[in-house]
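Peer 1: One structure, as structure tokens, below. Some questions next.
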Amino acid sequence: MPRAILYDSTLCIGCRACEGACAERWGLPYNDKIAAEETISAHKLTTIVTHGDHFCRRLCMNCLQPACASVCPVGALQKTAIGPVTYDAAKCIGCRYCMQACPFQVPTYEWSNRLPRMRKCDMCSARQSTGKLTACAEICPTGATFNGERNALIAEARSRLGAKPDQYYQKIYGLSEVGGTSVFFLSAVPFEQIGLRTNVPQEPLPMLTWRVLEMLPDVVSTGSVLLGGIWWITNRRAEVARKEGPRK
Amino acid sequence: MIAAVPKRLPKITVWRAIFAAILLSGAYATYLRVVYGLGGSTNLSDKFPWGLWIGFDVMCGVGLAAGGFTLVAMVHIFNIKQYRPVLRPAILTAFLGYLLVTLGLLYDVGRPDRMWHPLVMWNPHSVMFEVAWCVTLYSTVLFLEFLPIVFERFGLHKPLEWIHRISVPMMILGVLLSTLHQSSLGTLFLIVPEKLYPLWYTPILPLLFFVSAIAVGLAMTIFESWHSARAFGRALELPLLSSIARVLAVAMSVYLWIRFLDLLHRGVFGLLLRNRTETWLFLLEIALAVVPTVLLYRPRIRRNPAALYACAVMVVFGFIANRLNVGITGLEAGSGTHYIPKWSEVAVTLMLVAIGFAIFRVIGQYFPVFEAHPAEVTPLTREAEEADPLSVG
């Protein structure tokens with residue numbers, strides 16, 4: 001059963017406990033200075049962003065059909081059956097196509113490292129596969145970050161929207177964005193006001209390149225026949241011309 | 001010790017001084033790249049992961065090498081023998097182009113020591129995987145297409161014979177690989193519909209990349225013929241180049257027409273009313289494509305070496321503008337950031353271009369790249385060469 005994260009912005013108090021837990025899980029340093037950085041980077045894989053009175057979290061959306069995994073030339077990124085999109089740093093060549101392709105601009109890079117890796121949240125793949133909650137959900141004191149089965153979380157989100165219609169913007173972010181993600185957002189205000197991208201396509205992105213790539217065998221085989229045929233015709237003409245001698 | 005110094009030191013000319021300066025700054029930039037990583041040598045960021053090394057070195061480099069496959073197809077597959085004199089320079093350009101693209105990739109990729117990974121770790125869903133294979137295979141084909149020049153130079157008849165035997169399937173393979181590679185560089189950007197500005201984002205990017213590559217390959221052929229005629233004091237193959245210019249005009253017309261239809265069907269002409277950087281860069285790119293195309297339809301332009309050269313240069317610059325727009329500027333707004341390359345990115349790029357020119361020159365001098373022609377120089381050539389390109393047409 002695929003798992004997911006539900007982040008409810010209306011419950012978030014901006015305590016940044018998720019940031020600290022995440023840093024600990026990845027073995028990254030965490031202090032007040034890093035806490036004040038409200039952007040994700042290679043040393044901060046999730047962050048709370050303040051938007052006036054509201055908070056929002058930034059983390060990998062772990063898309064159902066991730067663009068990053070589809071574009072990775074070496075298959076370093078994989079969508080796992082339980083939901084997380086994992087990264088194998090040992091395969092990565094550092095082409096950074098995943099960063100370019102991600103509609104949420106999530107993957108980050110160790111720019112100043114001589115042997116750099118891409119860095120991103122992997123929804124605590126290792127923890128979740130052993131039945132544990134993600135580090136961020138486990139530590140969240142208010143339940144703003146909630147980890148569970150994807151379908152159950154969708155039902156939970158719907159019931160929250162239904163129970164308090166005046167407190168919620170009546171949509172679940174992540175349900176249909178890029179064909180669905182494994183991280184859902186609920187908010188009191190329209191999503192763009194808490195910094196979520198609303199211009200992303202509602203279809204899975206990998207189809208866009210696959211539609212062209214899947215023609216490859218046809219192009220190669222047809223092209224070979226065509227070019228070989230043209231060569232055969234034109235050279236036949238040359239052969240004939242050679243045999244018949246100059247007639248002009 | 002002093003006796004070991006050659007008596008005639010190379011003369012210091014302006015060009016040689018510039019060349020040395022470019023190499024020195026490139027070497028220092030290389031040092032920065034190796035020691036301080038991408039962070040210390042580029043202005044790339046998490047929001048803008050691809051810069052000049054992809055936008056120019058790779059995307060333009062591959063395109064400018066397109067003359068190789070265009071002319072191989074015309075001469076060997078379509079059997080248009082009259083283009084033979086420019087075939088070898090085109091193959092040499094393509095071969096050097098691909099070598100430099102590979103070299104550029106070693107700078108850009110975060111882990112160049114793992115460049116071979118795509119060959120063993122497959123992901124057929126990735127355009128980058130296709131690109132990696134195309135670069136590898138086509139570089140090999142270009143090497144094989146270039147080998148006869150080396151064999152001839154050293155009188156190695158046996159290997160020459162051997163390579164001639166496989167030449168036809170090899171050339172067909174080369175044309176196919178080029179077709180895939182040129183178009184796949186466009187396919188790369190199909191995954192960023194919300195990032196790339198709508199004047200450039202289109203589902204037919206692969207087709208546009210392929211057609212424009214054919215055109216720029218022809219323009220590069222004119223460009224390099226003109227330069228090597230000057231550098232090696234050879235006569236310019238004017239009738240031949242005029243004839244290529246015709247093909248170029250048609251290729252450009254086809255390209256521009258597809259481009260027009262695409263913009264029309266996607267209904268994005270309204271965007272041109274906005275006063276934005278993208279609008280002006282788009283207009284610049286289109287102007288650099290339209291002006292030479294129109295000019296090349298005039299016989300007077302095609303017969304005038306300087307004007308012909310100016311048109312070829314415009315096509316090349318228009319092409320570069322297009323690739324930079326797709327690969328860099330068109331992505332800035334959508335990525336929510338600005339990117340201006342660091343000096344070291346520019347230095348490495350200039351160094352790669354300079355190396356390309358230098359190796360071309362050396363190989364052109366010492367290897368049978370240019371076939372010996374009967375003097376085809378028309379009386380017009382000499383005087384026209386001096387003429388101001390802008391005063392014509």
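By convention here, the chains of the structure tokens are called A, B, ... in the order presented, each chain's residues are numbered starting at 1, and ligands are numbered starting at 1 in the order presented.
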Please return, as a ChimeraX atom specification, all residues of chain B lying within 8 Å of chain A when only C-alpha atoms are considered.

Peer 2: /B:34-40,45-50,76-79,108-115,117-118,121-130,132,169,172-173,176,180,187-188,190-195,203

Peer 1: Keeping only C-alpha atoms, write those residues as a short mmCIF file (atom, residue, chain, number, x, y, z; two decimals), in the first residue's frame.

Peer 2:
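Output contents, as saved in selection.cif:
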```cif
data_model
loop_
_atom_site.label_atom_id
_atom_site.label_comp_id
_atom_site.auth_asym_id
_atom_site.auth_seq_id
_atom_site.Cartn_x
_atom_site.Cartn_y
_atom_site.Cartn_z
CA VAL B 34 38.70 21.01 -10.42
CA VAL B 35 39.56 22.43 -7.02
CA TYR B 36 36.43 24.36 -6.04
CA GLY B 37 33.83 22.33 -7.93
CA LEU B 38 30.88 23.71 -9.85
CA GLY B 39 30.12 26.14 -7.04
CA GLY B 40 33.49 27.82 -7.33
CA SER B 45 22.21 27.29 -8.53
CA ASP B 46 19.57 24.88 -7.34
CA LYS B 47 16.98 26.86 -9.26
CA PHE B 48 19.12 27.14 -12.36
CA PRO B 49 21.08 23.91 -12.71
CA TRP B 50 22.10 24.28 -16.38
CA HIS B 76 27.42 9.46 -49.99
CA ILE B 77 23.77 8.61 -49.69
CA PHE B 78 22.11 11.01 -52.11
CA ASN B 79 25.20 10.69 -54.27
CA ASP B 108 29.70 20.43 -16.66
CA VAL B 109 28.88 17.03 -15.24
CA GLY B 110 29.25 16.89 -11.46
CA ARG B 111 31.00 13.53 -11.51
CA PRO B 112 32.98 13.35 -14.76
CA ASP B 113 34.65 10.19 -13.46
CA ARG B 114 31.29 8.48 -13.93
CA MET B 115 30.64 9.62 -17.48
CA HIS B 117 27.65 5.12 -16.24
CA PRO B 118 24.83 5.60 -18.81
CA MET B 121 23.15 1.66 -16.14
CA TRP B 122 20.23 1.98 -18.45
CA ASN B 123 17.10 4.05 -18.29
CA PRO B 124 15.48 4.03 -21.73
CA HIS B 125 12.83 6.47 -20.48
CA SER B 126 15.44 9.19 -20.14
CA VAL B 127 16.23 11.56 -22.99
CA MET B 128 19.61 12.12 -21.37
CA PHE B 129 20.24 8.39 -21.70
CA GLU B 130 19.54 8.65 -25.43
CA ALA B 132 24.61 9.90 -23.87
CA PRO B 169 26.45 1.12 -43.35
CA ILE B 172 23.92 5.48 -42.77
CA LEU B 173 24.34 4.79 -39.06
CA LEU B 176 20.61 8.16 -38.18
CA LEU B 180 18.38 11.23 -33.15
CA THR B 187 13.29 16.55 -26.60
CA LEU B 188 15.28 17.28 -23.42
CA LEU B 190 9.80 18.76 -23.39
CA ILE B 191 9.83 17.87 -19.70
CA VAL B 192 9.71 21.53 -18.61
CA PRO B 193 6.39 22.83 -19.99
CA GLU B 194 5.86 25.20 -17.06
CA LYS B 195 9.42 26.53 -17.06
CA PRO B 203 5.78 19.65 -28.52
#
```

Peer 1: Neighbouring residues of Phe151 in chain B were defined as those with any atom within 12 Å, considering only C-alpha atoms; residues of the same chain fewer than 5 positions away were excluded. Please report them as a VMD selection string.

Peer 2: chain B and resid 144 to 146 156 to 164 367 to 369

Peer 1: Pick the closest to Leu6 in chain A from A:Glu156, A:Glu192, A:Glu244, A:Glu177: which is it, counting only C-alpha atoms?

Peer 2: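 Of the candidates, the smallest distance to Leu6 in chain A is held by A:Glu156.
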
Peer 1: Env of Arg57 in chain A: 9 Å cut, atoms = only C-alpha atoms, seq-sep filter 4 positions within chain, self excluded. Answer as a ChimeraX atom specification.

Peer 2: /A:7,9,46-50,185

Peer 1: Which residues are close to Gln82 in chain B, i.e. within 12 Å by only C-alpha atoms, leaving aside same-chain residues fewer than 5 positions away? Reply as an mmCIF file with C-alpha atoms, in the first residue's frame.

Peer 2:
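After the write, result06.cif holds the following:
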```
data_model
loop_
_atom_site.group_PDB
_atom_site.id
_atom_site.type_symbol
_atom_site.label_atom_id
_atom_site.label_comp_id
_atom_site.auth_asym_id
_atom_site.auth_seq_id
_atom_site.Cartn_x
_atom_site.Cartn_y
_atom_site.Cartn_z
ATOM 1 C CA LEU B 71 27.144 16.459 -46.141
ATOM 2 C CA MET B 74 24.252 14.501 -49.512
ATOM 3 C CA VAL B 75 27.501 13.123 -50.917
ATOM 4 C CA HIS B 76 27.423 9.462 -49.992
ATOM 5 C CA LEU B 87 32.814 16.849 -47.272
ATOM 6 C CA GLU B 237 34.906 26.945 -54.256
ATOM 7 C CA PRO B 239 30.062 27.820 -57.520
ATOM 8 C CA LEU B 240 29.886 24.985 -55.042
ATOM 9 C CA LEU B 241 29.210 27.257 -52.093
ATOM 10 C CA SER B 242 26.555 29.141 -54.071
ATOM 11 C CA SER B 243 24.864 25.865 -54.714
ATOM 12 C CA ILE B 244 25.019 24.955 -51.008
#
```
